[in-house]
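File shown: start_39.pdb (PDB, C-alpha atoms).
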MODEL        1
ATOM      1  CA  MET T 262      36.107 -72.404 -38.790
ATOM      2  CA  ARG T 263      37.544 -75.019 -41.126
ATOM      3  CA  ILE T 264      36.396 -78.621 -41.591
ATOM      4  CA  ASP T 265      38.499 -81.220 -43.393
ATOM      5  CA  VAL T 266      36.756 -84.503 -44.147
ATOM      6  CA  GLU T 267      38.887 -87.637 -44.398
ATOM      7  CA  ASN T 268      36.665 -90.214 -46.073
ATOM      8  CA  LYS T 269      37.226 -93.844 -45.083
ATOM      9  CA  GLU T 270      35.423 -97.096 -45.769
ATOM     10  CA  ASN T 271      31.922 -96.842 -44.221
ATOM     11  CA  GLY T 272      32.749 -93.666 -42.355
ATOM     12  CA  ALA T 273      34.780 -90.504 -42.062
ATOM     13  CA  ILE T 274      37.091 -88.535 -39.809
ATOM     14  CA  LEU T 275      36.216 -84.847 -39.462
ATOM     15  CA  HIS T 276      39.138 -82.610 -38.558
ATOM     16  CA  LEU T 277      37.753 -79.340 -37.185
ATOM     17  CA  ASP T 278      39.828 -76.188 -36.792
ATOM     18  CA  GLY T 279      38.479 -73.173 -34.892
ATOM     19  CA  LYS T 280      35.518 -72.336 -32.713
ATOM     20  CA  ILE T 281      32.258 -74.071 -33.616
ATOM     21  CA  ILE T 282      29.883 -71.181 -33.098
ATOM     22  CA  GLY T 283      27.468 -69.121 -35.204
ATOM     23  CA  ASP T 284      27.282 -70.218 -38.827
ATOM     24  CA  GLY T 285      30.208 -72.603 -38.198
ATOM     25  CA  THR T 286      27.651 -74.844 -36.517
ATOM     26  CA  SER T 287      25.413 -74.779 -39.633
ATOM     27  CA  LYS T 288      28.446 -75.693 -41.746
ATOM     28  CA  LEU T 289      29.227 -78.652 -39.472
ATOM     29  CA  LYS T 290      25.586 -79.806 -39.528
ATOM     30  CA  LYS T 291      25.487 -79.701 -43.345
ATOM     31  CA  ILE T 292      28.637 -81.821 -43.664
ATOM     32  CA  ILE T 293      27.510 -84.365 -41.054
ATOM     33  CA  ASP T 294      24.037 -84.625 -42.653
ATOM     34  CA  GLU T 295      25.631 -85.268 -46.059
ATOM     35  CA  LEU T 296      27.905 -87.963 -44.651
ATOM     36  CA  ILE T 297      25.032 -89.703 -42.878
ATOM     37  CA  GLU T 298      22.826 -89.443 -45.982
ATOM     38  CA  SER T 299      25.629 -91.058 -47.990
ATOM     39  CA  ASP T 300      25.346 -94.004 -45.603
ATOM     40  CA  ALA T 301      28.287 -93.435 -43.267
ATOM     41  CA  LYS T 302      28.234 -95.972 -40.445
ATOM     42  CA  TRP T 303      30.697 -94.170 -38.228
ATOM     43  CA  LEU T 304      32.157 -90.736 -37.631
ATOM     44  CA  ILE T 305      35.161 -89.565 -35.672
ATOM     45  CA  ILE T 306      35.159 -85.856 -34.825
ATOM     46  CA  ASP T 307      38.680 -84.586 -34.197
ATOM     47  CA  LEU T 308      38.439 -81.657 -31.751
ATOM     48  CA  ALA T 309      42.187 -81.112 -31.251
ATOM     49  CA  ASP T 310      42.013 -77.588 -32.696
ATOM     50  CA  VAL T 311      38.592 -76.604 -31.345
ATOM     51  CA  PRO T 312      38.870 -74.213 -28.394
ATOM     52  CA  LEU T 313      35.111 -73.749 -28.011
ATOM     53  CA  MET T 314      31.755 -75.024 -29.248
ATOM     54  CA  ASP T 315      28.271 -73.676 -28.545
ATOM     55  CA  SER T 316      25.093 -75.509 -27.570
ATOM     56  CA  SER T 317      23.923 -75.655 -31.198
ATOM     57  CA  ALA T 318      27.113 -77.545 -32.066
ATOM     58  CA  LEU T 319      26.422 -79.919 -29.175
ATOM     59  CA  GLY T 320      22.915 -80.401 -30.618
ATOM     60  CA  THR T 321      24.367 -81.194 -34.040
ATOM     61  CA  ILE T 322      26.628 -83.846 -32.510
ATOM     62  CA  ILE T 323      23.706 -85.307 -30.511
ATOM     63  CA  MET T 324      21.668 -85.595 -33.742
ATOM     64  CA  ALA T 325      24.599 -87.325 -35.467
ATOM     65  CA  PHE T 326      24.950 -89.697 -32.505
ATOM     66  CA  LEU T 327      21.237 -90.587 -32.625
ATOM     67  CA  LYS T 328      21.145 -91.071 -36.402
ATOM     68  CA  LEU T 329      24.225 -93.291 -36.351
ATOM     69  CA  LYS T 330      22.853 -95.248 -33.394
ATOM     70  CA  GLU T 331      19.659 -95.944 -35.378
ATOM     71  CA  ARG T 332      21.745 -97.766 -37.990
ATOM     72  CA  LYS T 333      23.916 -99.393 -35.314
ATOM     73  CA  GLY T 334      26.741 -97.027 -36.169
ATOM     74  CA  LYS T 335      29.190 -95.239 -33.883
ATOM     75  CA  LEU T 336      30.345 -91.711 -33.172
ATOM     76  CA  ALA T 337      33.578 -90.906 -31.368
ATOM     77  CA  LEU T 338      34.986 -87.587 -30.171
ATOM     78  CA  LEU T 339      38.739 -87.297 -30.349
ATOM     79  CA  TYR T 340      41.213 -85.017 -28.544
ATOM     80  CA  ALA T 341      38.555 -82.840 -26.808
ATOM     81  CA  GLN T 342      40.280 -79.879 -25.147
ATOM     82  CA  GLU T 343      39.775 -78.657 -21.580
ATOM     83  CA  ASN T 344      37.055 -76.098 -22.389
ATOM     84  CA  ILE T 345      35.079 -78.637 -24.398
ATOM     85  CA  LEU T 346      35.457 -81.258 -21.652
ATOM     86  CA  ASN T 347      34.102 -78.721 -19.163
ATOM     87  CA  ILE T 348      31.051 -78.032 -21.330
ATOM     88  CA  LEU T 349      30.424 -81.765 -21.772
ATOM     89  CA  GLU T 350      30.706 -82.213 -18.005
ATOM     90  CA  ILE T 351      28.314 -79.339 -17.213
ATOM     91  CA  THR T 352      25.733 -80.703 -19.655
ATOM     92  CA  LYS T 353      26.453 -84.324 -18.581
ATOM     93  CA  LEU T 354      26.951 -85.190 -22.252
ATOM     94  CA  ASN T 355      30.263 -86.786 -21.282
ATOM     95  CA  SER T 356      28.087 -89.706 -20.195
ATOM     96  CA  LEU T 357      26.601 -89.962 -23.702
ATOM     97  CA  PHE T 358      29.544 -89.461 -26.018
ATOM     98  CA  GLU T 359      32.585 -91.685 -26.318
ATOM     99  CA  LEU T 360      35.735 -89.599 -25.810
ATOM    100  CA  TYR T 361      39.176 -90.704 -26.949
ATOM    101  CA  ASP T 362      42.670 -89.270 -26.725
ATOM    102  CA  SER T 363      44.298 -91.335 -29.447
ATOM    103  CA  MET T 364      43.343 -91.872 -33.070
ATOM    104  CA  GLN T 365      44.042 -95.567 -32.754
ATOM    105  CA  SER T 366      41.598 -96.037 -29.871
ATOM    106  CA  ALA T 367      38.950 -93.932 -31.627
ATOM    107  CA  LEU T 368      39.312 -96.004 -34.803
ATOM    108  CA  ALA T 369      39.121 -99.214 -32.783
ATOM    109  CA  ALA T 370      35.959 -97.929 -31.046
ATOM    110  CA  VAL T 371      34.197 -97.365 -34.369
ATOM    111  CA  GLY T 372      35.317-100.755 -35.597
ATOM    112  CA  VAL T 373      38.191 -99.794 -37.867
ATOM    113  CA  ASP T 374      41.634-101.338 -37.687
ATOM    114  CA  GLY T 375      43.891 -98.354 -36.912
ATOM    115  CA  THR T 376      47.059-100.112 -37.986
ATOM    116  CA  GLU T 377      46.394 -99.680 -41.722
TER
ATOM    117  CA  MET U  63      39.622 -48.110 -12.808
ATOM    118  CA  GLU U  64      37.081 -45.922 -14.504
ATOM    119  CA  GLU U  65      33.968 -47.752 -15.663
ATOM    120  CA  LYS U  66      33.854 -48.124 -19.428
ATOM    121  CA  GLU U  67      31.092 -49.059 -21.803
ATOM    122  CA  ILE U  68      31.391 -50.666 -25.240
ATOM    123  CA  ILE U  69      28.386 -51.071 -27.508
ATOM    124  CA  LEU U  70      28.033 -53.511 -30.406
ATOM    125  CA  ASP U  71      24.972 -53.817 -32.629
ATOM    126  CA  ILE U  72      24.789 -56.715 -35.072
ATOM    127  CA  PRO U  73      22.184 -57.721 -37.655
ATOM    128  CA  SER U  74      20.374 -60.967 -36.800
ATOM    129  CA  GLU U  75      22.577 -63.336 -38.810
ATOM    130  CA  ASP U  76      24.540 -66.083 -37.081
ATOM    131  CA  ARG U  77      27.721 -65.372 -39.096
ATOM    132  CA  HIS U  78      28.158 -62.219 -36.998
ATOM    133  CA  ILE U  79      28.641 -64.346 -33.885
ATOM    134  CA  TYR U  80      32.330 -64.568 -34.846
ATOM    135  CA  LEU U  81      32.560 -60.768 -34.592
ATOM    136  CA  LEU U  82      30.954 -60.954 -31.150
ATOM    137  CA  ASP U  83      33.541 -63.566 -30.169
ATOM    138  CA  LEU U  84      36.391 -61.255 -31.273
ATOM    139  CA  VAL U  85      35.044 -58.287 -29.320
ATOM    140  CA  LEU U  86      34.497 -60.424 -26.234
ATOM    141  CA  SER U  87      37.982 -61.910 -26.431
ATOM    142  CA  TYR U  88      39.465 -58.421 -26.640
ATOM    143  CA  ILE U  89      37.493 -57.172 -23.638
ATOM    144  CA  ALA U  90      38.186 -60.266 -21.519
ATOM    145  CA  ARG U  91      41.901 -60.047 -22.288
ATOM    146  CA  GLU U  92      41.994 -56.329 -21.448
ATOM    147  CA  MET U  93      40.288 -57.105 -18.133
ATOM    148  CA  GLY U  94      42.850 -59.771 -17.302
ATOM    149  CA  PHE U  95      40.552 -62.790 -17.276
ATOM    150  CA  ASP U  96      42.466 -66.056 -17.603
ATOM    151  CA  GLU U  97      42.032 -68.107 -20.775
ATOM    152  CA  GLU U  98      39.520 -70.550 -19.267
ATOM    153  CA  THR U  99      37.326 -67.777 -17.809
ATOM    154  CA  LYS U 100      37.574 -65.849 -21.069
ATOM    155  CA  GLU U 101      36.125 -68.807 -22.992
ATOM    156  CA  GLN U 102      33.395 -69.284 -20.369
ATOM    157  CA  VAL U 103      32.314 -65.659 -20.772
ATOM    158  CA  ASN U 104      32.531 -65.921 -24.561
ATOM    159  CA  LEU U 105      30.342 -69.016 -24.628
ATOM    160  CA  ALA U 106      27.705 -67.596 -22.269
ATOM    161  CA  VAL U 107      27.397 -64.373 -24.287
ATOM    162  CA  ILE U 108      27.444 -66.287 -27.582
ATOM    163  CA  GLU U 109      24.525 -68.379 -26.259
ATOM    164  CA  ALA U 110      22.650 -65.203 -25.320
ATOM    165  CA  GLY U 111      23.397 -63.655 -28.720
ATOM    166  CA  THR U 112      22.396 -66.773 -30.627
ATOM    167  CA  ASN U 113      19.098 -66.955 -28.707
ATOM    168  CA  ALA U 114      18.443 -63.283 -29.470
ATOM    169  CA  ILE U 115      19.142 -63.831 -33.201
ATOM    170  CA  LYS U 116      17.234 -67.101 -33.601
ATOM    171  CA  HIS U 117      14.396 -66.912 -31.107
ATOM    172  CA  GLY U 118      14.050 -63.194 -30.341
ATOM    173  CA  ASN U 119      14.507 -61.688 -33.798
ATOM    174  CA  LYS U 120      13.637 -64.901 -35.710
ATOM    175  CA  GLY U 121      16.762 -64.498 -37.870
ATOM    176  CA  ASP U 122      15.447 -61.298 -39.489
ATOM    177  CA  PRO U 123      18.620 -59.414 -40.555
ATOM    178  CA  SER U 124      16.745 -56.099 -40.555
ATOM    179  CA  LYS U 125      16.426 -56.464 -36.783
ATOM    180  CA  LYS U 126      19.470 -55.843 -34.627
ATOM    181  CA  VAL U 127      20.765 -57.448 -31.479
ATOM    182  CA  ASP U 128      22.311 -54.898 -29.119
ATOM    183  CA  PHE U 129      25.232 -55.828 -26.882
ATOM    184  CA  ARG U 130      26.363 -53.462 -24.119
ATOM    185  CA  PHE U 131      29.573 -54.358 -22.300
ATOM    186  CA  CYS U 132      30.082 -52.529 -18.986
ATOM    187  CA  ILE U 133      33.645 -52.910 -17.749
ATOM    188  CA  SER U 134      34.679 -52.127 -14.192
ATOM    189  CA  GLU U 135      37.566 -53.049 -11.902
ATOM    190  CA  SER U 136      35.706 -55.962 -10.338
ATOM    191  CA  LYS U 137      33.343 -57.296 -12.985
ATOM    192  CA  LEU U 138      32.171 -57.478 -16.567
ATOM    193  CA  THR U 139      28.451 -56.911 -17.122
ATOM    194  CA  ILE U 140      26.937 -57.639 -20.512
ATOM    195  CA  PHE U 141      23.433 -56.680 -21.614
ATOM    196  CA  VAL U 142      22.026 -58.467 -24.684
ATOM    197  CA  ARG U 143      18.814 -57.083 -26.129
ATOM    198  CA  ASP U 144      16.604 -58.278 -28.984
ATOM    199  CA  CYS U 145      13.402 -56.930 -30.572
ATOM    200  CA  GLY U 146      11.322 -60.070 -30.076
ATOM    201  CA  ASN U 147       8.052 -60.780 -28.331
ATOM    202  CA  GLY U 148       9.637 -62.321 -25.260
ATOM    203  CA  PHE U 149       8.970 -65.709 -23.731
ATOM    204  CA  ASP U 150       7.939 -67.272 -20.463
ATOM    205  CA  LEU U 151      10.936 -68.287 -18.371
ATOM    206  CA  GLU U 152       8.781 -71.001 -16.795
ATOM    207  CA  ASP U 153       8.593 -72.699 -20.214
ATOM    208  CA  ILE U 154      12.359 -73.316 -20.162
ATOM    209  CA  GLU U 155      12.950 -76.998 -19.495
ATOM    210  CA  ASP U 156      15.796 -78.619 -17.587
ATOM    211  CA  PRO U 157      18.173 -80.133 -20.190
ATOM    212  CA  LEU U 158      19.486 -82.595 -17.601
ATOM    213  CA  SER U 159      16.110 -84.220 -16.957
ATOM    214  CA  PRO U 160      15.787 -87.666 -18.569
ATOM    215  CA  GLU U 161      13.020 -86.568 -20.962
ATOM    216  CA  ASN U 162      15.150 -83.703 -22.317
ATOM    217  CA  PHE U 163      18.639 -85.128 -22.095
ATOM    218  CA  MET U 164      18.778 -86.445 -25.673
ATOM    219  CA  LYS U 165      17.139 -83.374 -27.218
ATOM    220  CA  PRO U 166      19.461 -81.470 -29.559
ATOM    221  CA  CYS U 167      18.364 -78.049 -28.264
ATOM    222  CA  GLY U 168      17.504 -76.283 -25.011
ATOM    223  CA  ARG U 169      20.930 -75.953 -23.383
ATOM    224  CA  GLY U 170      21.667 -72.261 -24.060
ATOM    225  CA  ILE U 171      20.189 -70.655 -20.937
ATOM    226  CA  PHE U 172      21.370 -73.586 -18.830
ATOM    227  CA  LEU U 173      24.960 -72.989 -20.003
ATOM    228  CA  MET U 174      24.695 -69.231 -19.428
ATOM    229  CA  LYS U 175      23.647 -69.840 -15.819
ATOM    230  CA  ALA U 176      26.374 -72.432 -15.293
ATOM    231  CA  LEU U 177      29.161 -70.274 -16.713
ATOM    232  CA  MET U 178      28.296 -66.803 -15.389
ATOM    233  CA  ASP U 179      27.974 -65.484 -11.845
ATOM    234  CA  GLU U 180      24.653 -63.761 -12.499
ATOM    235  CA  VAL U 181      22.049 -64.131 -15.268
ATOM    236  CA  GLU U 182      18.927 -62.045 -15.165
ATOM    237  CA  TYR U 183      16.160 -61.743 -17.755
ATOM    238  CA  SER U 184      14.016 -58.705 -18.300
ATOM    239  CA  ILE U 185      11.172 -59.581 -20.637
ATOM    240  CA  GLN U 186       8.843 -56.905 -21.974
ATOM    241  CA  ASN U 187       6.241 -58.513 -24.186
ATOM    242  CA  LYS U 188       6.194 -56.907 -27.642
ATOM    243  CA  SER U 189       9.167 -54.658 -26.886
ATOM    244  CA  GLY U 190      12.057 -57.065 -26.645
ATOM    245  CA  THR U 191      13.968 -59.212 -24.216
ATOM    246  CA  GLU U 192      17.090 -58.165 -22.366
ATOM    247  CA  VAL U 193      19.410 -60.521 -20.580
ATOM    248  CA  LYS U 194      22.025 -59.263 -18.145
ATOM    249  CA  LEU U 195      25.083 -61.449 -17.591
ATOM    250  CA  VAL U 196      27.728 -60.749 -14.953
ATOM    251  CA  LYS U 197      31.179 -62.223 -14.425
ATOM    252  CA  TYR U 198      33.262 -61.178 -11.431
ATOM    253  CA  LYS U 199      37.019 -61.166 -11.822
ATOM    254  CA  THR U 200      37.726 -63.353  -8.817
ATOM    255  CA  SER U 201      35.022 -66.007  -9.232
ATOM    256  CA  GLU U 202      35.771 -69.663  -9.635
ATOM    257  CA  ILE U 203      32.852 -71.769 -10.727
ATOM    258  CA  LEU U 204      34.138 -75.013 -12.162
TER
ENDMDL
END
Would you mind writing the file's structure down as structure tokens?
Amino acid sequence: MRIDVENKENGAILHLDGKIIGDGTSKLKKIIDELIESDAKWLIIDLADVPLMDSSALGTIIMAFLKLKERKGKLALLYAQENILNILEITKLNSLFELYDSMQSALAAVGVDGTE
Amino acid sequence: MEEKEIILDIPSEDRHIYLLDLVLSYIAREMGFDEETKEQVNLAVIEAGTNAIKHGNKGDPSKKVDFRFCISESKLTIFVRDCGNGFDLEDIEDPLSPENFMKPCGRGIFLMKALMDEVEYSIQNKSGTEVKLVKYKTSEIL
């Protein structure tokens, strides 16, 4: 699993590539924790190339959501694929997370002007 | 189709989950599961394996998690066994209840049950836990 971090003002876009399972989840948690510790106010997680994620990965994203919410920040999930949407539906987490299918709308949701 | 059995033993380290995923993908493809069902089976077994590594064997790499894949014409049956002390199934909470919904953990067994046709635990205190997961080839659950 590969994670590319695109740092922006007050936040970051995480481009994930591969299944988020096993130690891939620990890797994701470490990166998100570091971003939040460095005072990120928003995160966009790009799931375009993620065919599957496990419940530990869901837990990592829930923790990120809660930590960002504490500081009035935002978390957006972008381009979630069918399998991921199914898992979010089964766990009802689709009612918690904000899901977007365009970068521009995700950026707007976290308060960034996507036209830059 | 003759019934076949494949056995995989992995040390209790979560990096080996990717190997489990590869083996599962191979088996599911050989059995003719469609892509969506294949990923459902993979996730359910990955959840079982991760529980066995983290909770059963407490991440001790000297302890193994045993996977037994039984392949037949009509179904795939997977047995996942750890060396842990077991647990009480009644202690498992509903992740959809309001008090648990925002918790970052506790969705593994729930997902297994949602994604597979049968999930059955056999818990022998002090001698390990075994979970049996079954997926029929014709089932449609979502």
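The chain T residues that come within 9 Å of chain U are Lys280, Ile282, Gly283, Asp284, Gly285, Pro312, Leu313, Met314, Asp315, Ser316, Ser317, Ala318, Leu319, Gly320, Thr321, Ile322, Ile323, Met324, Leu327, Glu343, Asn344, Asn347, Ile348, Ile351, Thr352, Lys353, Leu354 and Leu357 of chain T, with only C-alpha atoms taken into account.
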Nearby residues (all atoms listed in the file) at most 10 Å from Ala341 (chain T), same-chain spacing under 4 positions excluded, as a PyMOL selection string: chain T and resi 306-313+345-347+349+360-362
Evaluate the PyMOL selection byres ((chain U and resi 190-202) around 9) against this structure - the residues, as a VMD selection string, please. chain U and resid 93 to 95 99 103 106 to 107 110 114 118 to 119 135 to 149 174 to 175 177 to 189 203 to 204
Take the residues that were just selected and, keeping C-alpha atoms, output them as an mmCIF file, in the coordinates of the input.
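Dumped to result12.cif:
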data_model
loop_
_atom_site.group_PDB
_atom_site.id
_atom_site.type_symbol
_atom_site.label_atom_id
_atom_site.label_comp_id
_atom_site.auth_asym_id
_atom_site.auth_seq_id
_atom_site.Cartn_x
_atom_site.Cartn_y
_atom_site.Cartn_z
ATOM 1 C CA MET U 93 40.288 -57.105 -18.133
ATOM 2 C CA GLY U 94 42.850 -59.771 -17.302
ATOM 3 C CA PHE U 95 40.552 -62.790 -17.276
ATOM 4 C CA THR U 99 37.326 -67.777 -17.809
ATOM 5 C CA VAL U 103 32.314 -65.659 -20.772
ATOM 6 C CA ALA U 106 27.705 -67.596 -22.269
ATOM 7 C CA VAL U 107 27.397 -64.373 -24.287
ATOM 8 C CA ALA U 110 22.650 -65.203 -25.320
ATOM 9 C CA ALA U 114 18.443 -63.283 -29.470
ATOM 10 C CA GLY U 118 14.050 -63.194 -30.341
ATOM 11 C CA ASN U 119 14.507 -61.688 -33.798
ATOM 12 C CA GLU U 135 37.566 -53.049 -11.902
ATOM 13 C CA SER U 136 35.706 -55.962 -10.338
ATOM 14 C CA LYS U 137 33.343 -57.296 -12.985
ATOM 15 C CA LEU U 138 32.171 -57.478 -16.567
ATOM 16 C CA THR U 139 28.451 -56.911 -17.122
ATOM 17 C CA ILE U 140 26.937 -57.639 -20.512
ATOM 18 C CA PHE U 141 23.433 -56.680 -21.614
ATOM 19 C CA VAL U 142 22.026 -58.467 -24.684
ATOM 20 C CA ARG U 143 18.814 -57.083 -26.129
ATOM 21 C CA ASP U 144 16.604 -58.278 -28.984
ATOM 22 C CA CYS U 145 13.402 -56.930 -30.572
ATOM 23 C CA GLY U 146 11.322 -60.070 -30.076
ATOM 24 C CA ASN U 147 8.052 -60.780 -28.331
ATOM 25 C CA GLY U 148 9.637 -62.321 -25.260
ATOM 26 C CA PHE U 149 8.970 -65.709 -23.731
ATOM 27 C CA MET U 174 24.695 -69.231 -19.428
ATOM 28 C CA LYS U 175 23.647 -69.840 -15.819
ATOM 29 C CA LEU U 177 29.161 -70.274 -16.713
ATOM 30 C CA MET U 178 28.296 -66.803 -15.389
ATOM 31 C CA ASP U 179 27.974 -65.484 -11.845
ATOM 32 C CA GLU U 180 24.653 -63.761 -12.499
ATOM 33 C CA VAL U 181 22.049 -64.131 -15.268
ATOM 34 C CA GLU U 182 18.927 -62.045 -15.165
ATOM 35 C CA TYR U 183 16.160 -61.743 -17.755
ATOM 36 C CA SER U 184 14.016 -58.705 -18.300
ATOM 37 C CA ILE U 185 11.172 -59.581 -20.637
ATOM 38 C CA GLN U 186 8.843 -56.905 -21.974
ATOM 39 C CA ASN U 187 6.241 -58.513 -24.186
ATOM 40 C CA LYS U 188 6.194 -56.907 -27.642
ATOM 41 C CA SER U 189 9.167 -54.658 -26.886
ATOM 42 C CA ILE U 203 32.852 -71.769 -10.727
ATOM 43 C CA LEU U 204 34.138 -75.013 -12.162
#
Evaluated on this file, the PyMOL selection byres ((chain T and resi 278) around 7) picks out some residues - which ones are they, written as a PDB file with C-alpha atoms, in the frame of the given file?
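Wrote part.pdb, looks like this:
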ATOM      1  CA  MET T 262      36.107 -72.404 -38.790  1.00  0.00           C
ATOM      2  CA  ARG T 263      37.544 -75.019 -41.126  1.00  0.00           C
ATOM      3  CA  ILE T 264      36.396 -78.621 -41.591  1.00  0.00           C
ATOM      4  CA  HIS T 276      39.138 -82.610 -38.558  1.00  0.00           C
ATOM      5  CA  LEU T 277      37.753 -79.340 -37.185  1.00  0.00           C
ATOM      6  CA  GLY T 279      38.479 -73.173 -34.892  1.00  0.00           C
ATOM      7  CA  ASP T 310      42.013 -77.588 -32.696  1.00  0.00           C
ATOM      8  CA  VAL T 311      38.592 -76.604 -31.345  1.00  0.00           C
TER       9      VAL T 311
END
note - CA of Ala301 (chain T) and CA of Gly372 (chain T) are separated by 12.7 Å
How many Å lie between CA of Leu304 (chain T) and CA of Pro160 (chain U), rounded to one decimal?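 These two atoms are separated by 25.3 Å.
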So the first atom is CA of Lys66 (chain U) and the second is CA of Cys132 (chain U); what is the distance between them in Å, to one decimal place?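 So the two atoms, CA of Lys66 (chain U) and CA of Cys132 (chain U), lie 5.8 Å apart.
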Output check: residues returned by the PyMOL selection byres ((chain T and resi 266-274) around 12), as a PyMOL selection string: chain T and resi 263-265+275-278+289+292-293+295-308+329+332+334-339+364+367-368+371-375+377
